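To start, the structure under review is shown below, and the notes come after it.
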Amino acid sequence: MEELIPIASKLQDVLGALGQNTNIDLPQIVVIGGQSSGKSSVLEAVVGRSFLPRGTGIVTRRPLILQLFNTSSPDDKAVDEDNNDDGNDDIDNHNHDDDEKKADHGGVSRRQRHRKKESSEPSSSSSTAEGQEWGEFLHQPGKRYYDFSQIRDEIVRDTSRLAGLNSKGVSPTPIHLKIYSPNVLSLTMVDLPGLTKVAVRDQPVDIEEQIYSMNCKYGSNPNAILLAVTSANTDLASSDALKLARELDPRGERTIGVLTKLDLMDPGTDASEILHNKVIPLRRGYIAVVNRGQRDIDADLSIRVGLRNEERFF
């Protein structure tokens with residue numbers, strides 16, 4: 001399966017360059033939900049970096065096809081395996097004694113080589129250097145973005161180019177973004193404009209139908225997993241994401257419910273029945289997350305600190 005991921009990603013690049021009329025149902029994770037439900041925060045938590053536009057109202061105005069590539073080298077994996085081997089001291093005592101005997105005769109044991117490598121090279125588990133993570137846009141081939149705030153600016157700029165600068169309109173033409181990092185899983189995710197019901201100022205009157213059509217186009221892919229994002233501080237029965245997911249996936253075989261904003265629920269209430277799959281059952285169940293709040297984002301709180309805060313919350 002790992003070998004098929006680069007092939008599928010290349011196909012997406014080719015199809016994206018050819019235009020909208022050519023389409024293959026490639027495996028991907030499609031994020032659906034209403035406006036301000038926390039979809040962007042969920043995506044950023046997966047990537048581990050803050051790179052998506054923020055604001056009030058409709059912010060995501062074009063589909064974003066996000067391809068993640070894990071850049072860990074085989075050497076890094078070998079070091080991890082050595083670390084696991086070193087942890088099994090009781091099992092590996094005999095081999096360890098043989099290694100030490102070889103070292104006494106002028107040889108170097110595997111354990112000694114590993115320790116020497118650790119002393120001369122930075123640990124693969126240390127914080128990632130800026131040069132090890134970067135993004136590339138399909139419409140700017142060969143250009144790498146090492147500053148993720150510039151990725152955000154380019155998404156805003158290219159969105160305004162097709163969807164309008166001073167309007168709140170949308171465009172079905174997707175933005176293709178690749179992110180390379182040793183801290184991600186190799187997969188493809190799709191971020192879509194949030195579902196809405198009422199057109200506001202500078203929006204076309206059929207904005208609801210436009211966004212609904214875009215969500216259906218990507219969500220109807222039978223090979224797509226649907227992440228139905230809903231705020232926990234709202235009534236689940238009125239969830240736009242779950243309503244659409246039920247239309248696209250009537251049997252619930254490829255839908256995962258994601259509950260956000262648990263920290264904003266009223267005192268004395270909880271989401272236990274939802275998480276136990278007793279309210280609106282899904283075959284894949286639900287997962288609860290606590291994303292960074294607007295105050296955290298304004299204070300430039302990092303994703304990693306946000307994840308630690310989430311762990312403390314649960």
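By convention in this document, the chains of the structure tokens carry letters A, B, ... by their order, each chain's residues are numbered from 1, and ligands are numbered from 1 in the order they are shown.
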Q | Exercise: A:Asp191 partners within 8 Å, only C-alpha atoms, chain neighbours under 5 positions left out, as a list in words | A |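 Surrounding residues, per the criterion: Val30, Val31, Ile32, Lys39, Ser40, Leu43, Thr60, Pro63, Leu64, Ile65 and Leu66 of chain A.
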Q: Identify, on the basis of only C-alpha atoms, every residue whose closest approach to A:Asn277 does not exceed 12 Å; exclude the query and any residue fewer than 2 positions from it along the same chain; express the result as a list in words.
A: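 Here the answer would be Leu236, Ile256, Gly257, Val258, Ala271, Ser272, Glu273, Ile274, Leu275, Val279, Ile280, Pro281, Leu282, Arg283, Arg284, Gly285, Tyr286 and Ile287 of chain A.
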Selection from above, N, CA and C atoms, as an mmCIF file, in the first residue's frame, can you write it?
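out.cif, written as the output of this step:
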```cif
data_model
loop_
_atom_site.group_PDB
_atom_site.id
_atom_site.type_symbol
_atom_site.label_atom_id
_atom_site.label_comp_id
_atom_site.auth_asym_id
_atom_site.auth_seq_id
_atom_site.Cartn_x
_atom_site.Cartn_y
_atom_site.Cartn_z
ATOM 1 N N LEU A 236 -26.498 17.864 18.016
ATOM 2 C CA LEU A 236 -26.013 16.933 16.999
ATOM 3 C C LEU A 236 -27.082 16.647 15.946
ATOM 4 N N ILE A 256 -16.576 8.983 9.678
ATOM 5 C CA ILE A 256 -16.079 9.112 11.052
ATOM 6 C C ILE A 256 -16.563 10.456 11.590
ATOM 7 N N GLY A 257 -17.249 10.426 12.707
ATOM 8 C CA GLY A 257 -17.699 11.671 13.325
ATOM 9 C C GLY A 257 -16.588 12.298 14.147
ATOM 10 N N VAL A 258 -16.398 13.598 13.984
ATOM 11 C CA VAL A 258 -15.371 14.331 14.732
ATOM 12 C C VAL A 258 -16.069 15.431 15.528
ATOM 13 N N ALA A 271 -20.437 14.947 26.307
ATOM 14 C CA ALA A 271 -20.706 14.307 25.013
ATOM 15 C C ALA A 271 -20.550 12.797 25.106
ATOM 16 N N SER A 272 -20.716 12.247 26.314
ATOM 17 C CA SER A 272 -20.454 10.817 26.504
ATOM 18 C C SER A 272 -21.371 9.945 25.665
ATOM 19 N N GLU A 273 -22.664 10.285 25.585
ATOM 20 C CA GLU A 273 -23.585 9.455 24.815
ATOM 21 C C GLU A 273 -23.259 9.497 23.330
ATOM 22 N N ILE A 274 -22.828 10.661 22.863
ATOM 23 C CA ILE A 274 -22.446 10.774 21.450
ATOM 24 C C ILE A 274 -21.221 9.927 21.177
ATOM 25 N N LEU A 275 -20.217 10.044 22.048
ATOM 26 C CA LEU A 275 -18.969 9.313 21.841
ATOM 27 C C LEU A 275 -19.159 7.807 21.988
ATOM 28 N N VAL A 279 -26.364 8.260 20.104
ATOM 29 C CA VAL A 279 -27.292 9.291 19.636
ATOM 30 C C VAL A 279 -27.565 9.123 18.146
ATOM 31 N N ILE A 280 -26.555 9.331 17.334
ATOM 32 C CA ILE A 280 -26.644 9.077 15.891
ATOM 33 C C ILE A 280 -25.539 8.078 15.572
ATOM 34 N N PRO A 281 -25.847 6.793 15.562
ATOM 35 C CA PRO A 281 -24.806 5.766 15.418
ATOM 36 C C PRO A 281 -24.088 5.837 14.080
ATOM 37 N N LEU A 282 -22.773 5.695 14.138
ATOM 38 C CA LEU A 282 -21.943 5.570 12.950
ATOM 39 C C LEU A 282 -21.133 4.289 13.075
ATOM 40 N N ARG A 283 -20.990 3.581 11.985
ATOM 41 C CA ARG A 283 -20.260 2.315 12.038
ATOM 42 C C ARG A 283 -18.814 2.529 12.472
ATOM 43 N N ARG A 284 -18.228 3.669 12.083
ATOM 44 C CA ARG A 284 -16.839 3.978 12.448
ATOM 45 C C ARG A 284 -16.734 4.755 13.745
ATOM 46 N N GLY A 285 -17.865 5.169 14.298
ATOM 47 C CA GLY A 285 -17.863 5.844 15.577
ATOM 48 C C GLY A 285 -17.442 7.310 15.516
ATOM 49 N N TYR A 286 -17.135 7.852 16.693
ATOM 50 C CA TYR A 286 -16.800 9.265 16.848
ATOM 51 C C TYR A 286 -15.451 9.416 17.542
ATOM 52 N N ILE A 287 -14.847 10.558 17.311
ATOM 53 C CA ILE A 287 -13.621 10.930 18.011
ATOM 54 C C ILE A 287 -13.772 12.375 18.478
#
```
(Q) For a quick check of understanding, using only C-alpha atoms, which of A:Ile151, A:Leu138, A:Leu162, A:Ile211 has the smallest distance to A:Val198? (A)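 Among A:Ile151, A:Leu138, A:Leu162, A:Ile211, it is A:Ile211 that comes nearest to A:Val198.
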Q.
Just want the 7 Å neighbourhood of stretch 167-172 of chain A, counted on only C-alpha atoms, with same-chain residues fewer than 6 positions away dropped. Output as a ChimeraX atom specification.
A. /A:58,61-63,202-204,214
